[in-house]
>>> print(open('entry.txt').read())   # compact mmCIF, C-alpha atoms and all ligand atoms
# COMPACT_ATOMS: atom_id res chain seq x y z
CA MET A 27 26.72 22.47 -52.25
CA LYS A 28 27.87 20.56 -49.14
CA GLU A 29 27.78 22.77 -46.05
CA ASP A 30 29.56 21.14 -43.14
CA SER A 31 30.42 17.49 -43.75
CA PHE A 32 33.85 16.68 -45.16
CA LYS A 33 33.76 14.01 -47.86
CA THR A 34 36.27 13.25 -50.60
CA ILE A 35 36.20 11.82 -54.10
CA ALA A 36 39.09 10.77 -56.39
CA LEU A 37 40.71 13.67 -58.23
CA ASP A 38 40.23 13.54 -62.01
CA PHE A 39 43.75 14.50 -63.20
CA ASN A 40 45.64 13.67 -66.41
CA LEU A 41 49.42 13.69 -66.18
CA LEU A 42 50.84 15.10 -69.43
CA GLU A 43 54.23 14.82 -71.12
CA GLU A 44 56.32 17.96 -70.58
CA LYS A 45 56.40 18.61 -74.35
CA GLU A 46 52.63 18.63 -74.48
CA MET A 47 52.47 20.75 -71.33
CA PHE A 48 54.65 23.41 -72.96
CA GLU A 49 52.71 23.30 -76.21
CA ARG A 50 49.43 23.76 -74.38
CA ALA A 51 50.81 26.59 -72.24
CA GLU A 52 52.16 28.33 -75.35
CA ALA A 53 48.93 27.83 -77.29
CA LEU A 54 46.83 29.39 -74.52
CA ASN A 55 49.29 32.27 -74.20
CA ASN A 56 49.08 32.89 -77.96
CA LEU A 57 45.29 32.83 -77.81
CA LEU A 58 45.10 35.24 -74.87
CA GLN A 59 47.66 37.61 -76.39
CA LYS A 60 45.12 38.21 -79.15
CA ARG A 61 42.47 39.35 -76.67
CA ARG A 62 41.89 43.07 -76.79
CA THR A 63 39.43 45.24 -74.97
CA VAL A 64 36.94 46.28 -77.63
CA ARG A 65 34.83 49.45 -77.47
CA ALA A 66 33.15 49.32 -80.90
CA TYR A 67 30.51 46.61 -81.22
CA SER A 68 28.31 45.22 -83.95
CA ASP A 69 24.68 44.53 -83.02
CA LYS A 70 24.90 40.95 -84.39
CA SER A 71 23.26 38.57 -81.95
CA VAL A 72 25.10 35.80 -80.11
CA PRO A 73 23.50 32.40 -79.39
CA ARG A 74 22.65 32.19 -75.71
CA GLN A 75 24.09 28.65 -75.41
CA ILE A 76 27.57 30.03 -76.07
CA ILE A 77 27.17 32.56 -73.25
CA GLU A 78 25.87 29.83 -70.94
CA GLN A 79 28.91 27.61 -71.53
CA CYS A 80 31.22 30.54 -70.79
CA LEU A 81 29.28 31.33 -67.59
CA LEU A 82 29.65 27.70 -66.47
CA ALA A 83 33.40 27.99 -67.11
CA ALA A 84 33.50 31.16 -64.98
CA ASN A 85 31.61 29.40 -62.21
CA SER A 86 34.48 26.87 -61.95
CA ALA A 87 36.57 29.58 -60.27
CA PRO A 88 37.93 28.89 -56.80
CA SER A 89 36.22 30.98 -54.12
CA GLY A 90 36.52 31.65 -50.40
CA ALA A 91 35.07 28.62 -48.55
CA ASN A 92 33.56 27.56 -51.91
CA ARG A 93 30.74 30.06 -51.41
CA GLN A 94 30.76 31.03 -55.11
CA PRO A 95 29.82 34.55 -54.04
CA TRP A 96 28.86 35.91 -57.43
CA HIS A 97 25.79 36.59 -59.52
CA PHE A 98 25.90 37.17 -63.27
CA ALA A 99 22.92 39.12 -64.62
CA VAL A 100 22.83 38.50 -68.36
CA VAL A 101 21.07 41.37 -70.11
CA SER A 102 19.91 41.26 -73.71
CA SER A 103 16.68 43.26 -73.29
CA ALA A 104 16.88 46.46 -75.35
CA ILE A 105 14.88 48.30 -72.69
CA LYS A 106 17.18 47.23 -69.86
CA LYS A 107 20.31 47.94 -71.90
CA LYS A 108 19.01 51.46 -72.56
CA GLU A 109 18.33 51.99 -68.85
CA ILE A 110 21.83 50.75 -68.01
CA ARG A 111 23.35 53.05 -70.63
CA GLU A 112 21.46 56.04 -69.25
CA GLY A 113 22.47 55.22 -65.65
CA ALA A 114 26.11 54.65 -66.59
CA GLU A 115 26.41 57.77 -68.75
CA GLU A 116 24.99 59.89 -65.94
CA GLU A 117 27.73 58.65 -63.59
CA GLU A 118 30.38 58.93 -66.29
CA ARG A 119 29.47 62.55 -67.06
CA GLU A 120 29.98 63.30 -63.35
CA PHE A 121 33.27 61.42 -63.46
CA TYR A 122 34.72 63.11 -66.54
CA ASN A 123 33.40 66.60 -65.76
CA THR A 124 33.81 66.78 -61.98
CA ARG A 125 34.99 63.78 -60.00
CA ALA A 126 38.06 62.54 -61.87
CA PRO A 127 41.35 64.10 -60.76
CA GLN A 128 43.62 65.48 -63.51
CA ASP A 129 46.17 62.65 -63.20
CA TRP A 130 43.43 60.08 -63.76
CA LEU A 131 42.13 61.87 -66.87
CA LYS A 132 45.72 62.03 -68.12
CA ALA A 133 46.17 58.27 -67.58
CA LEU A 134 42.99 57.62 -69.59
CA ALA A 135 43.86 59.95 -72.47
CA PRO A 136 45.71 57.27 -74.54
CA LEU A 137 42.59 55.08 -74.39
CA GLY A 138 40.37 57.80 -75.86
CA THR A 139 37.47 57.11 -73.50
CA ASN A 140 34.74 59.63 -72.62
CA ALA A 141 31.31 59.70 -70.99
CA ASN A 142 29.57 58.45 -74.12
CA LYS A 143 28.87 54.69 -73.90
CA PRO A 144 26.93 53.62 -77.03
CA PHE A 145 28.25 50.05 -76.73
CA LEU A 146 26.03 49.55 -73.67
CA GLU A 147 23.03 49.58 -76.01
CA LYS A 148 24.55 48.21 -79.20
CA ALA A 149 26.32 45.06 -78.00
CA PRO A 150 24.02 42.01 -77.82
CA TYR A 151 24.84 41.17 -74.20
CA LEU A 152 25.75 43.02 -71.03
CA ILE A 153 26.78 40.69 -68.23
CA VAL A 154 26.49 42.57 -64.96
CA ILE A 155 28.64 40.90 -62.32
CA PHE A 156 27.64 41.19 -58.66
CA GLY A 157 29.58 40.13 -55.58
CA GLN A 158 27.56 38.63 -52.74
CA LYS A 159 28.69 39.74 -49.28
CA PHE A 160 26.20 37.28 -47.78
CA MET A 161 24.42 34.14 -48.89
CA THR A 162 21.41 32.26 -47.58
CA ASN A 163 21.76 28.51 -47.00
CA GLU A 164 19.09 25.81 -47.39
CA LYS A 165 17.87 26.47 -43.82
CA GLY A 166 17.34 30.14 -44.63
CA GLN A 167 20.28 31.23 -42.47
CA LYS A 168 22.33 34.22 -43.57
CA LEU A 169 26.05 33.36 -43.95
CA LYS A 170 28.93 35.76 -44.44
CA ASN A 171 31.06 35.15 -47.53
CA TYR A 172 34.85 35.43 -47.64
CA TYR A 173 37.33 36.93 -50.12
CA VAL A 174 34.44 38.17 -52.22
CA ALA A 175 36.43 40.65 -54.32
CA GLU A 176 39.16 38.10 -55.02
CA SER A 177 36.70 35.32 -55.87
CA VAL A 178 34.64 37.50 -58.20
CA GLY A 179 37.83 38.80 -59.83
CA ILE A 180 39.00 35.27 -60.60
CA ALA A 181 35.57 34.22 -61.94
CA THR A 182 35.45 37.32 -64.13
CA GLY A 183 38.92 36.59 -65.49
CA LEU A 184 37.87 33.08 -66.41
CA LEU A 185 34.71 34.45 -68.05
CA ILE A 186 36.69 36.90 -70.17
CA ALA A 187 39.09 34.14 -71.24
CA ALA A 188 36.19 31.77 -72.01
CA LEU A 189 34.36 34.39 -74.10
CA HIS A 190 37.53 35.24 -76.01
CA ASN A 191 38.16 31.54 -76.62
CA ALA A 192 34.61 31.26 -77.97
CA GLY A 193 35.32 34.01 -80.51
CA LEU A 194 33.68 36.94 -78.73
CA ALA A 195 34.93 40.39 -77.82
CA THR A 196 34.54 41.89 -74.35
CA LEU A 197 34.89 45.17 -72.49
CA THR A 198 35.05 45.58 -68.73
CA HIS A 199 33.11 48.69 -67.85
CA THR A 200 32.99 50.15 -64.36
CA PRO A 201 30.89 53.28 -64.01
CA ALA A 202 31.10 54.45 -60.40
CA PRO A 203 29.05 54.37 -58.26
CA MET A 204 27.11 51.43 -59.68
CA LYS A 205 24.18 51.04 -57.30
CA PHE A 206 21.77 51.97 -60.12
CA LEU A 207 22.39 48.44 -61.45
CA ASN A 208 20.77 46.82 -58.38
CA LYS A 209 17.62 48.79 -59.09
CA ILE A 210 17.43 48.13 -62.83
CA LEU A 211 18.17 44.41 -62.43
CA ASP A 212 16.20 43.93 -59.22
CA ARG A 213 19.17 42.56 -57.24
CA PRO A 214 19.21 42.63 -53.41
CA ASN A 215 21.20 45.12 -51.35
CA THR A 216 23.53 42.37 -50.10
CA GLU A 217 24.94 42.26 -53.63
CA ARG A 218 27.46 44.81 -54.86
CA PRO A 219 27.83 45.44 -58.60
CA ILE A 220 31.50 44.86 -59.49
CA MET A 221 31.49 45.53 -63.21
CA ILE A 222 29.60 45.37 -66.47
CA LEU A 223 31.06 43.03 -69.06
CA VAL A 224 30.07 44.07 -72.57
CA VAL A 225 29.95 41.03 -74.88
CA GLY A 226 29.54 40.73 -78.63
CA TYR A 227 31.25 40.88 -81.99
CA PRO A 228 33.53 43.78 -82.85
CA GLU A 229 32.21 46.30 -85.35
CA GLN A 230 33.64 45.81 -88.88
CA ASN A 231 37.13 47.31 -89.04
CA ALA A 232 37.10 48.06 -85.30
CA GLN A 233 40.13 50.00 -84.10
CA VAL A 234 41.83 49.52 -80.73
CA PRO A 235 44.39 51.70 -78.95
CA ASP A 236 48.01 50.97 -79.87
CA ILE A 237 49.20 49.76 -76.48
CA THR A 238 51.94 47.35 -75.39
CA ARG A 239 52.16 44.67 -72.71
CA LYS A 240 54.98 44.47 -70.19
CA SER A 241 57.72 41.92 -70.93
CA LEU A 242 58.10 38.86 -68.67
CA GLU A 243 61.14 40.46 -66.99
CA GLN A 244 59.15 43.60 -66.24
CA PHE A 245 56.33 41.93 -64.38
CA THR A 246 57.88 38.81 -62.79
CA SER A 247 60.72 37.79 -60.48
CA PHE A 248 61.88 34.20 -60.10
CA HIS A 249 63.31 33.14 -56.72
CA ASP A 250 65.27 29.95 -57.29
CA GLU A 251 67.60 29.86 -54.30
N1 LIG A 301 34.78 54.35 -66.00
C1 LIG A 301 35.25 55.36 -66.93
C2 LIG A 301 36.68 55.70 -66.78
C3 LIG A 301 37.70 54.66 -67.04
C4 LIG A 301 38.55 54.29 -66.02
C5 LIG A 301 39.57 53.41 -66.24
I1 LIG A 301 40.87 53.01 -64.73
C6 LIG A 301 39.74 52.80 -67.52
O1 LIG A 301 40.77 51.90 -67.74
C7 LIG A 301 38.90 53.18 -68.54
C8 LIG A 301 37.87 54.10 -68.30
C9 LIG A 301 34.91 54.94 -68.38
O2 LIG A 301 34.55 53.80 -68.61
O3 LIG A 301 35.00 55.77 -69.28
>>> encode(input="entry.txt", output="structure tokens")
Amino acid sequence: MKEDSFKTIALDFNLLEEKEMFERAEALNNLLQKRRTVRAYSDKSVPRQIIEQCLLAANSAPSGANRQPWHFAVVSSAIKKKEIREGAEEEEREFYNTRAPQDWLKALAPLGTNANKPFLEKAPYLIVIFGQKFMTNEKGQKLKNYYVAESVGIATGLLIAALHNAGLATLTHTPAPMKFLNKILDRPNTERPIMILVVGYPEQNAQVPDITRKSLEQFTSFHDE
């Protein structure tokens, strides 16, 4: 990664016909419309090379000052997954029994979630995503990163899309607080856990909540003049 000298190379860009542009846009939309958050996983294993390709796709995300301020801890160890489940369920019990305000519990009711998180042990992979507030350069100097939450959010979105495209199901899980993840995965204090991405195949006949997505008119406005 170049630090402070500005150098350019020719952009690799293919200009497409508008018909093909629309077809591609529509095809990706159709693919992503089929993505659903899955909470019931099979324990069938997933080849690591597939996960690696999806991680490389995620790492193409734009980031503040190109610092790529993320770390993806890919967990398949049964022992570590159990520790993560225990840590998460402890926080979730607190959340559901004490911390969560009534309106929040009401908003979650249609999703049918509770403090029990068996998928954290059953799914073949947990990808724990950390944001790096600081990085160390080649000279060992500590540099502040920028737009960390935004950058990690974009990278995570690309990862979810890449995994879905590869034929895998995912679940974003965010027990709070998540500091227990630094300890289990031996990550430094300058890194903040952002979320756990559960990755695997859905259980046979998996059910998902019957939810709808907003229409284009509901979530966009076009400003043409
Ligand atoms: N972290 C909890 C609660 C939860 C919160 C939201 I916002 C969700 O969309 C779903 C769940 C849990 O995972 O159960």
>>> closest_atom_pairs(input="entry.txt", of="chain A", to="ligand LIG 301 (chain A)", cutoff="7 Å", atoms="all atoms listed in the file", output="tab-separated table")
residue	atom	partner	partner_atom	distance
A:Glu118	CA	A:LIG301	C1	6.1
A:Leu134	CA	A:LIG301	C7	6.1
A:Thr139	CA	A:LIG301	O3	5.1
A:Asn140	CA	A:LIG301	O3	5.1
A:Ala141	CA	A:LIG301	O3	5.7
A:His199	CA	A:LIG301	O2	5.4
A:Thr200	CA	A:LIG301	N1	4.9
A:Pro201	CA	A:LIG301	N1	4.5
A:Ala202	CA	A:LIG301	N1	6.7
>>> closest_residue(input="entry.txt", among="A:Ile77, A:Val100, A:Ala175, A:Ile222", to="Leu194 in chain A", atoms="all atoms listed in the file")
A:Ile77
>>> closest_atom_pairs(input="entry.txt", of="range 195-228 of chain A", to="range 47-61 of chain A", cutoff="12 Å", atoms="all atoms listed in the file", output="tab-separated table")
residue	atom	partner	partner_atom	distance
A:Ala195	CA	A:Arg61	CA	7.7
A:Thr196	CA	A:Arg61	CA	8.6
A:Leu197	CA	A:Arg61	CA	10.4
A:Pro228	CA	A:Arg61	CA	11.7
>>> residues_around(input="entry.txt", residues="Leu82 in chain A", least_positions_apart="6", cutoff="10 Å", atoms="all atoms listed in the file", output="NGL selection string")
:A and (181 or 184-185 or 188)
>>> closest_residue(input="entry.txt", among="A:Ser177, A:Thr246, A:Arg239, A:Phe39", to="Asn85 in chain A", atoms="all atoms listed in the file")
A:Ser177
>>> closest_residue(input="entry.txt", among="A:Glu112, A:Thr182, A:Pro144, A:Asn163", to="Ser86 in chain A", atoms="only C-alpha atoms")
A:Thr182
>>> atom_distance(input="entry.txt", atom1="CA of Arg125 in chain A", atom2="CA of Lys159 in chain A")
27.1 Å
>>> closest_residue(input="entry.txt", among="A:Ala192, A:Met204, A:Val224, A:Val178", to="Pro88 in chain A", atoms="all atoms listed in the file")
A:Val178
>>> residues_around(input="entry.txt", residues="Leu152 in chain A", least_positions_apart="3", cutoff="12 Å", atoms="all atoms listed in the file", output="PyMOL selection string")
chain A and resi 67+72+77+98-104+106-111+145-149+155+195-199+207+211+221-226
>>> residues_around(input="entry.txt", residues="range 93-97 of chain A", least_positions_apart="6", cutoff="7 Å", atoms="all atoms listed in the file", output="PyMOL selection string")
chain A and resi 155-158+171+174+178
>>> residues_near_point(input="entry.txt", point="(35.7, 34.0, -45.1)", cutoff="8 Å", atoms="only C-alpha atoms", output="number ranges by chain")
A: 90-91, 170-173
